[in-house]
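Step one of this worksheet: look at the structure below.
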Amino acid sequence: MKNGVVIIGAGHAGVQAAASLRDEGYDGPVRLIGDEAELPYHKPPLSKTFIKDVDARPQILRADSFYSGAGVDLLLGERAIRLDPAAGRLELASGASLAYDKAILATGARPRVLAIEGGLLAGVLSLRSIADARAIRVLAATVEDVVILGGGFIGLEIAATLVASRRRVTVVEAQDRLLARVVAPAISAHVAGRLAASGVRVMTRTTVSRIEGDDGHVSAVITSAGERIAARMLIVGIGVVPNVELAADAGLAIANGIRVDGQLRSSAPNIFAIGDIASYRHWLTGGDVRLESVQNATDHAKLAARAIVGHGDSYAAVPWFWSDIGDMKLQMVGLTGGSDRQIVSGEPTDNRFSVFHYKGGRLIGVESVNRPADHMLGRRMLAAGFSPSPEVVAAGDGSLKAALAAWQAAQPHPDSGRDG
Ligand SMILES: Cc1cc2nc3c(=O)[nH]c(=O)nc-3n(C[C@H](O)[C@H](O)[C@H](O)COP(=O)(O)OP(=O)(O)OC[C@H]3O[C@@H](n4cnc5c(N)ncnc54)[C@H](O)[C@@H]3O)c2cc1C
């Protein structure tokens with residue numbers, strides 16, 4: 001290997017891949033290409049704290065010294081524009097052409113655009129990058145009325161953050177409940193109730209049909225019900241589109257993201273795809289997924305680095321996610337699609353409870369509000385393949401912990417079958 005590894009995209013997945021290659025002992029050249037001009041940073045704080053505090057600085061993923069210390073050639077403000085898998089070359093917009101032995105695509109995703117009248121007015125914003133967060137922060141400091149289109153995690157985090165800064169905030173959601181695709185109805189109802197109590201106006205089964213402007217700047221939105229809501233800022237949070245163009249143009253298989261195998265290898269054997277752009281068959285459910293979380297990006301990166309140095313293990317991380325919406329820390333573990341029974345443990349009225357999801361009698365996921373211990377137990381149970389009975393869950397935390405311990409004690413020791 002003389003040309004080394006080129007990593008395209010310097011976000012959560014790309015930076016971790018560079019670090020993990022070195023952790024795994026890879027000693028060839030590592031180049032990390034990012035089209036943003038500044039040091040790679042954590043995205044989660046953008047919607048939770050950064051947009052409300054004018055003095056907040058980006059939280060960088062790694063200090064500048066990490067890259068030089070680890071021998072990682074970090075090329076910032078450089079956009080990759082063409083990938084040639086047969087020749088093993090990558091072209092950059094600056095004109096450079098880089099030869100590689102292995103490439104890791106970690107180009108993430110971009111916000112879905114709202115294609116309606118008025119969608120291009122100033123003040124219509126979305127949040128993915130630190131540049132987006134700065135634009136929101138600057139405008140939020142001067143406006144009173146904010147409409148957020150989309151009741152997903154990012155939209156609701158922004159709503160909670162801005163209402164705490166005394167903005168008038170309306171959330172407009174097309175589904176019949178908030179977070180409809182990602183959490184149990186009990187959690188949706190709880191989040192909606194608490195947001196409403198904090199002053200956020202929550203509208204479900206509603207969308208925005210038209211945006212009105214004044215001098216080129218958004219002034220109001222017209223809802224599908226015909227209501228006119230004043231808005232000097234409209235934040236569009238209706239999901240993301242994976243950045244697969246580079247891979248698609250290079251002929252790689254695409255299916256709601258870049259299709260990868262259990263080792264994160266794309267249809268071109270020397271090219272891996274990790275993080276938000278990777279679509280794969282999940283070991284936990286056997287279903288195809290494309291997940292958007294820091295955990296997914298980080299664990300993918302670690303596994304791709306291991307595959308590059310020659311380890312044969314397949315992806316087997318338990319998926320988890322968190323979101324902070326005002327005074328609610330939501331933590332989710334597992335994949336809960338197809339859940340057919342839900343057991344609530346704890347008290348929603350205390351703002352502390354969890355929903356345990358079952359499918360066909362097996363535990364498939366746990367969603368918690370301010371119950372980090374349940375979340376950690378959920379991670380341990382799913383990793384171990386242990387499914388407590390719904391009765392044990394309903395009995396409360398003590399019984400659950402004890403049931404897991406008893407189950408683990410009864411498992412054969414990993415070494416017990418070996419020849420001495
Ligand atoms: C506001 C916000 C809050 C979030 N909060 C949470 C949270 O609380 N918990 C959680 O688990 N997850 C959260 N997420 C999701 C999480 O940040 C993503 O899942 C994660 O960033 C995915 O990592 P990635 O490396 O795949 O993509 P990204 O982090 O998006 O990195 C991709 C990088 O590649 C660059 N790039 C794209 N194309 C090119 C190209 N052609 N050439 C060079 N560079 C390119 C992009 O500009 C970007 O810098 C949040 C995301 C956002 C936006």
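Following the order of the structure tokens, first chain is A, next is B, and so on, with residues numbered from 1 inside each chain and ligands from 1 in the order they appear.
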Run DSSP on the backbone and grab whatever in region 222-296 of chain A lands in strand (DSSP E); send it over as a JSON list (two decimals) with N, CA and C atoms, in the first residue's frame.
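Result file is part19.json:
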```
[["chain", "number", "residue", "atom", "x", "y", "z"],
["A", 222, "ILE", "N", -48.48, 30.46, 5.19],
["A", 222, "ILE", "CA", -49.90, 30.12, 5.09],
["A", 222, "ILE", "C", -49.99, 28.61, 5.24],
["A", 223, "THR", "N", -50.74, 28.14, 6.22],
["A", 223, "THR", "CA", -50.80, 26.70, 6.46],
["A", 223, "THR", "C", -51.78, 26.03, 5.51],
["A", 228, "ARG", "N", -52.88, 32.14, 8.42],
["A", 228, "ARG", "CA", -51.67, 32.94, 8.16],
["A", 228, "ARG", "C", -50.94, 33.13, 9.50],
["A", 229, "ILE", "N", -49.67, 32.67, 9.56],
["A", 229, "ILE", "CA", -48.90, 32.80, 10.82],
["A", 229, "ILE", "C", -47.71, 33.71, 10.54],
["A", 230, "ALA", "N", -47.59, 34.76, 11.31],
["A", 230, "ALA", "CA", -46.47, 35.68, 11.13],
["A", 230, "ALA", "C", -45.16, 34.93, 11.40],
["A", 233, "MET", "N", -38.75, 34.16, 10.56],
["A", 233, "MET", "CA", -37.80, 33.06, 10.32],
["A", 233, "MET", "C", -38.61, 31.78, 10.17],
["A", 234, "LEU", "N", -38.34, 31.04, 9.09],
["A", 234, "LEU", "CA", -38.96, 29.73, 8.89],
["A", 234, "LEU", "C", -37.83, 28.71, 8.82],
["A", 235, "ILE", "N", -37.84, 27.80, 9.76],
["A", 235, "ILE", "CA", -36.80, 26.76, 9.73],
["A", 235, "ILE", "C", -37.42, 25.49, 9.19],
["A", 236, "VAL", "N", -36.81, 25.00, 8.12],
["A", 236, "VAL", "CA", -37.35, 23.82, 7.45],
["A", 236, "VAL", "C", -36.58, 22.60, 7.96],
["A", 240, "VAL", "N", -33.48, 14.75, 5.61],
["A", 240, "VAL", "CA", -32.25, 14.97, 4.84],
["A", 240, "VAL", "C", -32.19, 14.04, 3.64],
["A", 241, "VAL", "N", -31.29, 14.41, 2.74],
["A", 241, "VAL", "CA", -31.05, 13.61, 1.54],
["A", 241, "VAL", "C", -29.57, 13.20, 1.60],
["A", 242, "PRO", "N", -29.26, 11.91, 1.49],
["A", 242, "PRO", "CA", -27.84, 11.51, 1.56],
["A", 242, "PRO", "C", -27.03, 12.03, 0.37],
["A", 258, "ILE", "N", -25.60, 4.84, -0.04],
["A", 258, "ILE", "CA", -24.64, 3.96, -0.73],
["A", 258, "ILE", "C", -24.77, 2.58, -0.10],
["A", 259, "ARG", "N", -25.03, 1.61, -0.93],
["A", 259, "ARG", "CA", -25.27, 0.25, -0.45],
["A", 259, "ARG", "C", -23.94, -0.37, 0.02],
["A", 271, "ILE", "N", -13.71, 0.64, -1.93],
["A", 271, "ILE", "CA", -14.38, 1.86, -1.46],
["A", 271, "ILE", "C", -15.40, 1.50, -0.37],
["A", 272, "PHE", "N", -15.26, 2.13, 0.77],
["A", 272, "PHE", "CA", -16.17, 1.93, 1.89],
["A", 272, "PHE", "C", -17.10, 3.13, 1.99],
["A", 273, "ALA", "N", -18.25, 2.95, 2.60],
["A", 273, "ALA", "CA", -19.14, 4.09, 2.84],
["A", 273, "ALA", "C", -19.65, 3.97, 4.27],
["A", 278, "ALA", "N", -24.54, 5.66, 4.44],
["A", 278, "ALA", "CA", -24.46, 4.20, 4.21],
["A", 278, "ALA", "C", -25.80, 3.54, 4.43],
["A", 279, "SER", "N", -26.20, 2.70, 3.47],
["A", 279, "SER", "CA", -27.44, 1.94, 3.65],
["A", 279, "SER", "C", -27.05, 0.46, 3.68],
["A", 280, "TYR", "N", -27.61, -0.26, 4.64],
["A", 280, "TYR", "CA", -27.13, -1.63, 4.87],
["A", 280, "TYR", "C", -28.19, -2.48, 5.55],
["A", 281, "ARG", "N", -27.96, -3.78, 5.50],
["A", 281, "ARG", "CA", -28.87, -4.72, 6.17],
["A", 281, "ARG", "C", -28.45, -4.78, 7.63],
["A", 288, "ASP", "N", -33.35, -3.42, 5.96],
["A", 288, "ASP", "CA", -32.41, -2.44, 5.40],
["A", 288, "ASP", "C", -32.59, -1.09, 6.09],
["A", 289, "VAL", "N", -31.50, -0.46, 6.44],
["A", 289, "VAL", "CA", -31.58, 0.82, 7.15],
["A", 289, "VAL", "C", -30.55, 1.81, 6.60]]
```
As an mmCIF file with C-alpha atoms, in the first residue's frame, please: the residues near Thr107 (chain A) (cut-off 12 Å, only C-alpha atoms, same-chain neighbours under 6 positions excluded).
```cif
data_model
loop_
_atom_site.group_PDB
_atom_site.id
_atom_site.type_symbol
_atom_site.label_atom_id
_atom_site.label_comp_id
_atom_site.auth_asym_id
_atom_site.auth_seq_id
_atom_site.Cartn_x
_atom_site.Cartn_y
_atom_site.Cartn_z
ATOM 1 C CA ILE A 7 -11.426 9.756 3.404
ATOM 2 C CA ILE A 8 -14.022 11.979 1.760
ATOM 3 C CA GLY A 9 -16.047 14.050 4.225
ATOM 4 C CA ALA A 10 -14.596 15.406 7.476
ATOM 5 C CA GLY A 11 -17.639 15.050 9.749
ATOM 6 C CA HIS A 12 -18.267 12.649 12.627
ATOM 7 C CA ALA A 13 -17.637 9.521 10.546
ATOM 8 C CA GLY A 14 -14.669 10.775 8.519
ATOM 9 C CA VAL A 15 -12.708 12.120 11.489
ATOM 10 C CA LEU A 32 -9.052 13.513 5.061
ATOM 11 C CA ILE A 33 -10.922 15.795 2.646
ATOM 12 C CA GLY A 34 -13.618 18.169 3.911
ATOM 13 C CA ASP A 35 -15.480 20.817 1.950
ATOM 14 C CA GLU A 36 -16.110 23.007 5.000
ATOM 15 C CA ARG A 79 -14.570 19.445 -2.407
ATOM 16 C CA ALA A 80 -14.255 16.015 -3.969
ATOM 17 C CA ILE A 81 -15.896 16.065 -7.387
ATOM 18 C CA VAL A 241 -31.047 13.613 1.536
ATOM 19 C CA PRO A 242 -27.839 11.513 1.564
ATOM 20 C CA ASN A 243 -24.932 12.996 -0.422
ATOM 21 C CA VAL A 244 -24.505 10.057 -2.796
ATOM 22 C CA GLU A 245 -23.792 11.899 -6.061
ATOM 23 C CA LEU A 246 -20.035 11.204 -6.062
ATOM 24 C CA ALA A 247 -20.700 7.499 -5.527
ATOM 25 C CA GLY A 257 -27.790 5.741 0.388
ATOM 26 C CA ILE A 258 -24.644 3.964 -0.728
ATOM 27 C CA PHE A 272 -16.166 1.930 1.895
ATOM 28 C CA ALA A 273 -19.145 4.088 2.844
ATOM 29 C CA ILE A 274 -19.911 5.028 6.442
ATOM 30 C CA GLY A 275 -22.201 7.205 8.545
ATOM 31 C CA ASP A 276 -25.346 8.943 7.296
ATOM 32 C CA ILE A 277 -24.755 7.956 3.643
ATOM 33 C CA ALA A 278 -24.459 4.204 4.213
ATOM 34 C CA ALA A 297 -21.140 7.275 12.250
#
```
Please provide the set of residues having any atom within 9 Å of Leu114 (chain A), restricted to only C-alpha atoms, with same-chain residues fewer than 3 positions apart removed, written as a PDB file with C-alpha atoms, in the first residue's frame.
```pdb
ATOM      1  CA  GLU A 117     -43.749  29.268  -3.405  1.00  0.00           C
ATOM      2  CA  GLY A 119     -39.118  28.752  -0.418  1.00  0.00           C
ATOM      3  CA  LEU A 120     -36.152  30.848  -1.564  1.00  0.00           C
ATOM      4  CA  VAL A 236     -37.346  23.815   7.450  1.00  0.00           C
ATOM      5  CA  ILE A 238     -38.238  17.949   6.933  1.00  0.00           C
TER       6      ILE A 238
END
```
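Counting only C-alpha atoms and comparing A:Arg362, A:Arg31, A:His413, A:Arg371, the residue that lies closest to Pro390 (chain A) is A:Arg362.
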Open item on the list: Give me, as a PyMOL selection string, all polymer residues having an atom no more than 7 Å from Ser224 (chain A), counting only C-alpha atoms and skipping those fewer than 3 positions away in the same chain.
Closed with: chain A and resi 206-209
Selection export as a CSV table (one decimal), in the first residue's frame, atoms kept: C-alpha atoms:
```csv
chain,number,residue,atom,x,y,z
A,206,THR,CA,-50.8,20.6,9.1
A,207,THR,CA,-48.3,21.7,6.6
A,208,VAL,CA,-47.1,25.0,5.0
A,209,SER,CA,-48.7,25.7,1.6
```
Task: Residues near Gly118 (chain A), cut-off 12 Å, only C-alpha atoms, skip fewer than 5 positions along chain, as a ChimeraX atom specification - done: /A:113,123-125,208-222,234
